[in-house]
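Q: Got a structure for you, model23.cif, holding mmCIF, C-alpha atoms.
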```
data_upload
loop_
_atom_site.group_PDB
_atom_site.id
_atom_site.type_symbol
_atom_site.label_atom_id
_atom_site.label_comp_id
_atom_site.auth_asym_id
_atom_site.auth_seq_id
_atom_site.Cartn_x
_atom_site.Cartn_y
_atom_site.Cartn_z
ATOM 1 C CA MET A 1 37.076 5.786 -30.885
ATOM 2 C CA LYS A 2 38.236 5.722 -27.300
ATOM 3 C CA PHE A 3 37.774 8.975 -25.406
ATOM 4 C CA SER A 4 40.220 9.878 -22.745
ATOM 5 C CA SER A 5 39.484 12.755 -20.398
ATOM 6 C CA GLU A 6 42.022 14.931 -22.239
ATOM 7 C CA TRP A 7 39.852 14.870 -25.376
ATOM 8 C CA LEU A 8 36.588 15.761 -23.651
ATOM 9 C CA PRO A 9 35.353 19.323 -23.650
ATOM 10 C CA GLN A 10 36.251 20.895 -20.323
ATOM 11 C CA GLU A 11 32.645 21.182 -19.074
ATOM 12 C CA LEU A 12 31.827 17.574 -19.924
ATOM 13 C CA HIS A 13 35.043 16.398 -18.269
ATOM 14 C CA ARG A 14 34.182 18.329 -15.098
ATOM 15 C CA GLN A 15 30.692 16.828 -15.111
ATOM 16 C CA ARG A 16 32.134 13.321 -15.420
ATOM 17 C CA ILE A 17 34.315 13.898 -12.368
ATOM 18 C CA VAL A 18 31.308 15.148 -10.366
ATOM 19 C CA ASP A 19 29.163 12.162 -11.483
ATOM 20 C CA ASP A 20 31.952 9.748 -10.645
ATOM 21 C CA LYS A 21 32.492 11.229 -7.191
ATOM 22 C CA SER A 22 28.783 11.269 -6.533
ATOM 23 C CA SER A 23 28.235 7.635 -7.527
ATOM 24 C CA LYS A 24 31.204 6.512 -5.418
ATOM 25 C CA GLY A 25 29.798 8.487 -2.507
ATOM 26 C CA GLU A 26 26.418 6.825 -2.905
ATOM 27 C CA LEU A 27 28.040 3.419 -3.109
ATOM 28 C CA ARG A 28 29.982 4.123 0.075
ATOM 29 C CA GLU A 29 26.780 5.274 1.775
ATOM 30 C CA ASP A 30 24.844 2.188 0.593
ATOM 31 C CA HIS A 31 27.625 -0.045 1.805
ATOM 32 C CA GLN A 32 27.631 1.654 5.201
ATOM 33 C CA VAL A 33 23.843 1.363 5.561
ATOM 34 C CA GLU A 34 24.065 -2.329 4.624
ATOM 35 C CA ARG A 35 26.834 -2.906 7.162
ATOM 36 C CA SER A 36 24.930 -1.080 9.929
ATOM 37 C CA SER A 37 21.782 -3.004 9.153
ATOM 38 C CA ALA A 38 23.652 -6.339 9.297
ATOM 39 C CA ALA A 39 25.246 -5.339 12.602
ATOM 40 C CA MET A 40 21.863 -4.363 14.078
ATOM 41 C CA GLU A 41 20.337 -7.662 12.931
ATOM 42 C CA SER A 42 23.151 -9.581 14.564
ATOM 43 C CA PHE A 43 22.770 -7.736 17.888
ATOM 44 C CA ARG A 44 18.974 -8.230 17.818
ATOM 45 C CA LYS A 45 19.540 -11.980 17.500
ATOM 46 C CA LYS A 46 21.889 -11.890 20.472
ATOM 47 C CA ARG A 47 19.342 -9.940 22.532
ATOM 48 C CA GLU A 48 16.689 -12.539 21.704
ATOM 49 C CA GLY A 49 19.082 -15.147 23.065
ATOM 50 C CA ILE A 50 19.434 -13.225 26.348
ATOM 51 C CA LEU A 51 15.670 -12.950 26.678
ATOM 52 C CA ALA A 52 15.094 -16.638 25.908
ATOM 53 C CA ASP A 53 17.728 -17.506 28.490
ATOM 54 C CA GLU A 54 16.143 -15.218 31.091
ATOM 55 C CA PHE A 55 12.631 -16.546 30.463
ATOM 56 C CA SER A 56 13.648 -20.195 30.579
ATOM 57 C CA SER A 57 15.830 -19.752 33.677
ATOM 58 C CA VAL A 58 13.013 -18.019 35.543
ATOM 59 C CA MET A 59 10.497 -20.662 34.485
ATOM 60 C CA VAL A 60 12.740 -23.637 35.227
ATOM 61 C CA SER A 61 13.804 -22.326 38.624
ATOM 62 C CA ASN A 62 10.149 -21.748 39.535
ATOM 63 C CA GLU A 63 9.040 -25.106 38.119
ATOM 64 C CA LEU A 64 6.766 -23.577 35.544
ATOM 65 C CA ASN A 65 8.060 -25.809 32.794
ATOM 66 C CA SER A 66 6.444 -28.904 34.235
ATOM 67 C CA VAL A 67 5.262 -30.159 30.866
ATOM 68 C CA PRO A 68 6.423 -33.770 30.601
ATOM 69 C CA PHE A 69 5.923 -33.746 26.845
ATOM 70 C CA TRP A 70 8.707 -31.270 26.272
ATOM 71 C CA GLY A 71 11.341 -33.156 28.163
ATOM 72 C CA SER A 72 14.050 -30.617 28.741
ATOM 73 C CA GLY A 73 12.096 -27.424 28.292
ATOM 74 C CA LYS A 74 15.148 -25.277 28.026
ATOM 75 C CA MET A 75 16.530 -27.311 25.164
ATOM 76 C CA ALA A 76 13.204 -27.245 23.341
ATOM 77 C CA LEU A 77 13.015 -23.505 23.754
ATOM 78 C CA GLU A 78 16.515 -23.068 22.445
ATOM 79 C CA ALA A 79 15.609 -25.201 19.449
ATOM 80 C CA VAL A 80 12.626 -22.976 18.673
ATOM 81 C CA VAL A 81 14.592 -19.757 19.138
ATOM 82 C CA GLY A 82 17.445 -21.236 17.115
ATOM 83 C CA LYS A 83 15.106 -21.803 14.179
ATOM 84 C CA SER A 84 14.373 -18.117 13.913
ATOM 85 C CA VAL A 85 18.061 -17.324 14.098
ATOM 86 C CA GLU A 86 18.834 -19.568 11.141
ATOM 87 C CA GLY A 87 15.806 -18.547 9.164
ATOM 88 C CA LYS A 88 14.186 -15.304 8.213
ATOM 89 C CA LYS A 89 15.247 -11.867 9.293
ATOM 90 C CA MET A 90 13.217 -10.531 12.189
ATOM 91 C CA THR A 91 12.967 -7.077 13.661
ATOM 92 C CA GLY A 92 13.923 -6.464 17.262
ATOM 93 C CA LYS A 93 10.260 -6.242 18.285
ATOM 94 C CA GLU A 94 9.478 -9.542 16.560
ATOM 95 C CA ARG A 95 12.392 -11.174 18.328
ATOM 96 C CA ILE A 96 11.181 -10.083 21.776
ATOM 97 C CA ILE A 97 7.756 -11.564 21.085
ATOM 98 C CA HIS A 98 9.239 -14.680 19.513
ATOM 99 C CA ALA A 99 11.386 -15.400 22.575
ATOM 100 C CA ALA A 100 8.322 -14.849 24.767
ATOM 101 C CA MET A 101 6.209 -17.254 22.713
ATOM 102 C CA ALA A 102 8.905 -19.913 22.739
ATOM 103 C CA ALA A 103 9.139 -19.592 26.530
ATOM 104 C CA GLY A 104 5.350 -19.531 26.851
ATOM 105 C CA SER A 105 5.161 -22.858 25.060
ATOM 106 C CA LEU A 106 6.966 -24.443 28.016
ATOM 107 C CA ALA A 107 3.999 -23.664 30.194
ATOM 108 C CA LEU A 108 1.391 -25.001 27.809
ATOM 109 C CA ASP A 109 -0.968 -27.529 29.203
ATOM 110 C CA PHE A 110 -0.594 -30.330 26.689
ATOM 111 C CA VAL A 111 0.519 -33.854 27.301
ATOM 112 C CA ASP A 112 0.543 -35.783 24.052
ATOM 113 C CA ALA A 113 0.289 -35.539 20.313
ATOM 114 C CA LYS A 114 -3.525 -35.369 20.428
ATOM 115 C CA GLU A 115 -3.045 -31.776 21.474
ATOM 116 C CA MET A 116 -1.424 -31.100 18.120
ATOM 117 C CA ASP A 117 -4.859 -30.487 16.603
ATOM 118 C CA ARG A 118 -5.544 -27.706 19.049
ATOM 119 C CA VAL A 119 -4.411 -24.104 18.583
ATOM 120 C CA MET A 120 -1.665 -23.655 21.104
ATOM 121 C CA ILE A 121 -0.568 -20.063 21.222
ATOM 122 C CA VAL A 122 -2.129 -18.148 18.315
ATOM 123 C CA GLY A 123 -4.282 -15.410 19.831
ATOM 124 C CA LYS A 124 -3.269 -16.425 23.337
ATOM 125 C CA GLY A 125 0.151 -14.876 23.687
ATOM 126 C CA VAL A 126 -0.707 -11.882 25.857
ATOM 127 C CA ALA A 127 -2.893 -13.959 28.174
ATOM 128 C CA LEU A 128 -0.177 -16.603 28.408
ATOM 129 C CA MET A 129 2.439 -14.029 29.431
ATOM 130 C CA GLU A 130 0.067 -12.549 32.027
ATOM 131 C CA LYS A 131 -0.702 -16.005 33.386
ATOM 132 C CA ILE A 132 2.970 -16.914 33.746
ATOM 133 C CA GLY A 133 3.628 -13.503 35.338
ATOM 134 C CA SER A 134 0.867 -14.088 37.833
ATOM 135 C CA GLN A 135 2.103 -17.615 38.659
ATOM 136 C CA LEU A 136 5.600 -16.270 39.222
ATOM 137 C CA ALA A 137 4.274 -13.522 41.478
ATOM 138 C CA ASN A 138 2.384 -16.156 43.517
ATOM 139 C CA ARG A 139 5.654 -18.039 43.938
ATOM 140 C CA GLY A 140 7.367 -14.868 45.120
ATOM 141 C CA ALA A 141 9.486 -14.476 41.970
ATOM 142 C CA VAL A 142 8.681 -10.788 41.689
ATOM 143 C CA ARG A 143 11.451 -9.785 39.261
ATOM 144 C CA GLY A 144 10.627 -12.617 36.894
ATOM 145 C CA ALA A 145 6.941 -11.779 37.154
ATOM 146 C CA ARG A 146 7.631 -8.159 36.224
ATOM 147 C CA ILE A 147 9.503 -9.215 33.063
ATOM 148 C CA PHE A 148 6.581 -11.352 31.907
ATOM 149 C CA VAL A 149 4.082 -8.581 32.686
ATOM 150 C CA ALA A 150 6.214 -6.013 30.824
ATOM 151 C CA THR A 151 6.344 -8.425 27.880
ATOM 152 C CA ALA A 152 2.553 -8.894 27.935
ATOM 153 C CA GLU A 153 2.156 -5.100 27.833
ATOM 154 C CA PHE A 154 4.679 -4.831 24.997
ATOM 155 C CA MET A 155 2.769 -7.464 23.016
ATOM 156 C CA ALA A 156 -0.565 -5.778 23.667
ATOM 157 C CA ARG A 157 0.875 -2.532 22.278
ATOM 158 C CA ASN A 158 1.953 -4.386 19.104
ATOM 159 C CA PRO A 159 -1.029 -6.594 18.184
ATOM 160 C CA GLU A 160 -0.168 -7.062 14.501
ATOM 161 C CA ILE A 161 3.402 -8.135 15.161
ATOM 162 C CA THR A 162 2.206 -10.359 17.989
ATOM 163 C CA ALA A 163 -0.310 -12.130 15.729
ATOM 164 C CA ARG A 164 2.327 -12.690 13.047
ATOM 165 C CA VAL A 165 4.935 -14.013 15.467
ATOM 166 C CA GLU A 166 2.421 -16.230 17.288
ATOM 167 C CA LEU A 167 1.716 -17.959 13.984
ATOM 168 C CA LEU A 168 5.411 -18.415 13.247
ATOM 169 C CA ALA A 169 6.175 -19.686 16.759
ATOM 170 C CA GLU A 170 3.244 -22.088 16.652
ATOM 171 C CA GLU A 171 4.514 -23.641 13.415
ATOM 172 C CA GLN A 172 7.985 -24.002 14.910
ATOM 173 C CA ILE A 173 6.671 -25.508 18.141
ATOM 174 C CA ARG A 174 4.555 -28.031 16.200
ATOM 175 C CA ARG A 175 7.574 -29.066 14.177
ATOM 176 C CA GLN A 176 9.591 -29.451 17.356
ATOM 177 C CA ILE A 177 6.847 -31.531 19.015
ATOM 178 C CA LYS A 178 6.672 -33.750 15.954
ATOM 179 C CA LYS A 179 10.429 -34.303 16.086
ATOM 180 C CA ILE A 180 10.241 -35.265 19.768
ATOM 181 C CA GLU A 181 7.353 -37.648 19.051
ATOM 182 C CA GLU A 182 9.266 -39.309 16.249
ATOM 183 C CA TYR A 183 12.303 -39.633 18.464
ATOM 184 C CA LYS A 184 10.179 -41.194 21.242
ATOM 185 C CA LYS A 185 8.714 -43.705 18.767
ATOM 186 C CA LYS A 186 12.189 -44.649 17.579
ATOM 187 C CA MET A 187 13.399 -45.136 21.136
ATOM 188 C CA ALA A 188 10.330 -47.186 22.197
ATOM 189 C CA MET B 1 27.085 -0.837 34.480
ATOM 190 C CA GLU B 2 25.005 2.031 35.816
ATOM 191 C CA LYS B 3 21.481 2.366 34.460
ATOM 192 C CA GLN B 4 22.190 5.982 33.520
ATOM 193 C CA LYS B 5 25.033 4.874 31.286
ATOM 194 C CA ILE B 6 22.774 2.271 29.633
ATOM 195 C CA ILE B 7 20.184 4.986 28.977
ATOM 196 C CA GLY B 8 22.870 7.102 27.314
ATOM 197 C CA ILE B 9 23.948 4.176 25.104
ATOM 198 C CA VAL B 10 20.340 3.430 24.175
ATOM 199 C CA ASP B 11 19.769 7.079 23.216
ATOM 200 C CA ARG B 12 22.801 6.961 20.911
ATOM 201 C CA LEU B 13 21.670 3.667 19.359
ATOM 202 C CA ILE B 14 18.258 5.161 18.619
ATOM 203 C CA GLU B 15 19.964 8.133 16.944
ATOM 204 C CA LEU B 16 21.915 5.646 14.839
ATOM 205 C CA GLY B 17 18.734 3.939 13.654
ATOM 206 C CA GLU B 18 17.861 1.279 16.224
ATOM 207 C CA ASP B 19 14.207 0.744 17.087
ATOM 208 C CA LYS B 20 13.124 3.042 19.911
ATOM 209 C CA GLU B 21 10.267 0.871 21.131
ATOM 210 C CA GLU B 22 12.394 -2.279 21.208
ATOM 211 C CA LEU B 23 15.136 -0.589 23.209
ATOM 212 C CA GLN B 24 12.585 0.985 25.550
ATOM 213 C CA TYR B 25 11.397 -2.561 26.323
ATOM 214 C CA TRP B 26 14.943 -3.506 27.281
ATOM 215 C CA LEU B 27 15.213 -0.483 29.554
ATOM 216 C CA ASP B 28 11.884 -1.439 31.138
ATOM 217 C CA VAL B 29 13.053 -4.958 32.005
ATOM 218 C CA TYR B 30 16.722 -4.130 32.666
ATOM 219 C CA ASP B 31 16.491 -3.902 36.460
ATOM 220 C CA ASP B 32 14.592 -7.190 36.697
ATOM 221 C CA LEU B 33 17.022 -9.281 34.657
ATOM 222 C CA SER B 34 19.360 -11.666 36.437
ATOM 223 C CA ASP B 35 22.794 -10.210 37.208
ATOM 224 C CA ILE B 36 24.467 -12.199 34.444
ATOM 225 C CA ASN B 37 21.919 -11.222 31.800
ATOM 226 C CA ARG B 38 22.059 -7.578 32.877
ATOM 227 C CA LEU B 39 25.813 -7.668 32.343
ATOM 228 C CA ARG B 40 25.423 -9.473 29.021
ATOM 229 C CA LEU B 41 22.849 -6.951 27.810
ATOM 230 C CA ALA B 42 24.910 -3.944 28.894
ATOM 231 C CA ALA B 43 28.027 -5.316 27.210
ATOM 232 C CA MET B 44 26.084 -6.107 24.064
ATOM 233 C CA LEU B 45 24.538 -2.650 23.807
ATOM 234 C CA GLU B 46 27.928 -1.054 24.289
ATOM 235 C CA GLU B 47 29.446 -3.363 21.679
ATOM 236 C CA GLU B 48 26.679 -2.505 19.219
ATOM 237 C CA LEU B 49 27.280 1.208 19.719
ATOM 238 C CA VAL B 50 30.994 0.799 19.034
ATOM 239 C CA SER B 51 30.223 -1.286 15.966
ATOM 240 C CA LEU B 52 27.711 1.210 14.527
ATOM 241 C CA LYS B 53 29.993 4.187 15.147
ATOM 242 C CA LYS B 54 32.784 2.646 13.032
#
```
For this file, produce the structure as structure tokens.

A:
Amino acid sequence: MKFSSEWLPQELHRQRIVDDKSSKGELREDHQVERSSAAMESFRKKREGILADEFSSVMVSNELNSVPFWGSGKMALEAVVGKSVEGKKMTGKERIIHAAMAAGSLALDFVDAKEMDRVMIVGKGVALMEKIGSQLANRGAVRGARIFVATAEFMARNPEITARVELLAEEQIRRQIKKIEEYKKKMA
Amino acid sequence: MEKQKIIGIVDRLIELGEDKEELQYWLDVYDDLSDINRLRLAAMLEEELVSLKK
């Protein structure tokens, strides 16, 4: 038998209306939270892009990306940052550190694929940022230096996130190096 | 955009659920960013606030 609201006892009918309103309200709230969270994620990605751009511009204009292996450092950095954008969700803090690690890789002292066996940035992120900051300061790029120093401090305050992101960035950088190597072999 | 206005936007974003420590980092580096990236960041923060208030 199909019950319509007219046939329900008054109290039960009232309760149904309250339940219905409440569940719709919750749904609306869930939807809003989901939408806000998606918007925040999208703006965090964009901020990571700004930071990657700032880091690479400062490094390129101060000739700190003089690693022949990378070729165009800025493009390599964008490729690494781009990977995170396509892939897993990252918090805003992770994205700051990720952009820093991608930029830091431009200053790494490696010249060929033999270096692939060596740990590149895991456990070295803070020191790498400080080193780049100090090199920039020596070149008179004070504003750029301050950004790298502030980033080193930020990473030092967040050691667990830093360790996690260093690992992720290292994997991405290795993949990128491998791609470049394969491309070089093809072109040879 | 004036730094004071950026601080106000950041405060509102934190109230709306954004990460305080992340946004504090951006305030820390704001003055040292290049002009273009400072403008981009300011516009983006403002845009995010509008989007979250909807």

Q: Based on all atoms listed in the file, which of the residues in chain B come within 6 Å of chain A? I want them as a PyMOL selection string.

A: chain B and resi 22+29+32+52

Q: Please save C-alpha atoms of the selected residues as a compact mmCIF listing (two decimals), in the frame of the given file.

A:
```txt
# COMPACT_ATOMS: atom_id res chain seq x y z
CA GLU B 22 12.39 -2.28 21.21
CA VAL B 29 13.05 -4.96 32.01
CA ASP B 32 14.59 -7.19 36.70
CA LEU B 52 27.71 1.21 14.53
```

Q: Please report the interatomic distance between CA of Leu27 in chain B and CA of Leu106 in chain A in Å with one decimal.

A: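 CA of Leu106 in chain A lies at a distance of 25.4 Å from CA of Leu27 in chain B.
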
Q: Report the distance between CA of Glu46 in chain B and CA of Met1 in chain B in Å, rounded to one decimal place.

A: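 These atoms are spaced 10.2 Å apart.
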
Q: Mind giving me the straight-line distance from CA of Leu108 in chain A to CA of Lys45 in chain A in Å, one decimal?

A: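 Separation of CA of Leu108 in chain A and CA of Lys45 in chain A: 24.6 Å.
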
Q: Starting from the point (23.0, -8.9, 34.3), work out which residues of protein, DNA or RNA have an atom no more than 12 Å away when counting all atoms listed in the file; state them as an mmCIF file with C-alpha atoms, in the coordinates of the input.

A:
```
data_model
loop_
_atom_site.group_PDB
_atom_site.id
_atom_site.type_symbol
_atom_site.label_atom_id
_atom_site.label_comp_id
_atom_site.auth_asym_id
_atom_site.auth_seq_id
_atom_site.Cartn_x
_atom_site.Cartn_y
_atom_site.Cartn_z
ATOM 1 C CA ILE A 50 19.434 -13.225 26.348
ATOM 2 C CA LEU A 51 15.670 -12.950 26.678
ATOM 3 C CA ASP A 53 17.728 -17.506 28.490
ATOM 4 C CA GLU A 54 16.143 -15.218 31.091
ATOM 5 C CA MET B 1 27.085 -0.837 34.480
ATOM 6 C CA GLU B 2 25.005 2.031 35.816
ATOM 7 C CA LYS B 3 21.481 2.366 34.460
ATOM 8 C CA TRP B 26 14.943 -3.506 27.281
ATOM 9 C CA VAL B 29 13.053 -4.958 32.005
ATOM 10 C CA TYR B 30 16.722 -4.130 32.666
ATOM 11 C CA ASP B 31 16.491 -3.902 36.460
ATOM 12 C CA ASP B 32 14.592 -7.190 36.697
ATOM 13 C CA LEU B 33 17.022 -9.281 34.657
ATOM 14 C CA SER B 34 19.360 -11.666 36.437
ATOM 15 C CA ASP B 35 22.794 -10.210 37.208
ATOM 16 C CA ILE B 36 24.467 -12.199 34.444
ATOM 17 C CA ASN B 37 21.919 -11.222 31.800
ATOM 18 C CA ARG B 38 22.059 -7.578 32.877
ATOM 19 C CA LEU B 39 25.813 -7.668 32.343
ATOM 20 C CA ARG B 40 25.423 -9.473 29.021
ATOM 21 C CA LEU B 41 22.849 -6.951 27.810
ATOM 22 C CA ALA B 42 24.910 -3.944 28.894
ATOM 23 C CA ALA B 43 28.027 -5.316 27.210
ATOM 24 C CA MET B 44 26.084 -6.107 24.064
#
```

Q: For range 160-172 of chain A, work out the shell of residues within 7 Å, counting only C-alpha atoms and skipping chain neighbours fewer than 3 positions away, then give it as a list in words.

A: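 Counting only C-alpha atoms, the residues come to Val80, Glu94, Ile97, His98, Met101, Ala102, Met120, Ile121, Val122, Gly123, Gly125, Met155, Arg175 and Gln176 of chain A.
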
Q: Could you take the residues named above and write them with C-alpha atoms, as an mmCIF file, in the coordinates of the input?

A:
```cif
data_model
loop_
_atom_site.group_PDB
_atom_site.id
_atom_site.type_symbol
_atom_site.label_atom_id
_atom_site.label_comp_id
_atom_site.auth_asym_id
_atom_site.auth_seq_id
_atom_site.Cartn_x
_atom_site.Cartn_y
_atom_site.Cartn_z
ATOM 1 C CA VAL A 80 12.626 -22.976 18.673
ATOM 2 C CA GLU A 94 9.478 -9.542 16.560
ATOM 3 C CA ILE A 97 7.756 -11.564 21.085
ATOM 4 C CA HIS A 98 9.239 -14.680 19.513
ATOM 5 C CA MET A 101 6.209 -17.254 22.713
ATOM 6 C CA ALA A 102 8.905 -19.913 22.739
ATOM 7 C CA MET A 120 -1.665 -23.655 21.104
ATOM 8 C CA ILE A 121 -0.568 -20.063 21.222
ATOM 9 C CA VAL A 122 -2.129 -18.148 18.315
ATOM 10 C CA GLY A 123 -4.282 -15.410 19.831
ATOM 11 C CA GLY A 125 0.151 -14.876 23.687
ATOM 12 C CA MET A 155 2.769 -7.464 23.016
ATOM 13 C CA ARG A 175 7.574 -29.066 14.177
ATOM 14 C CA GLN A 176 9.591 -29.451 17.356
#
```
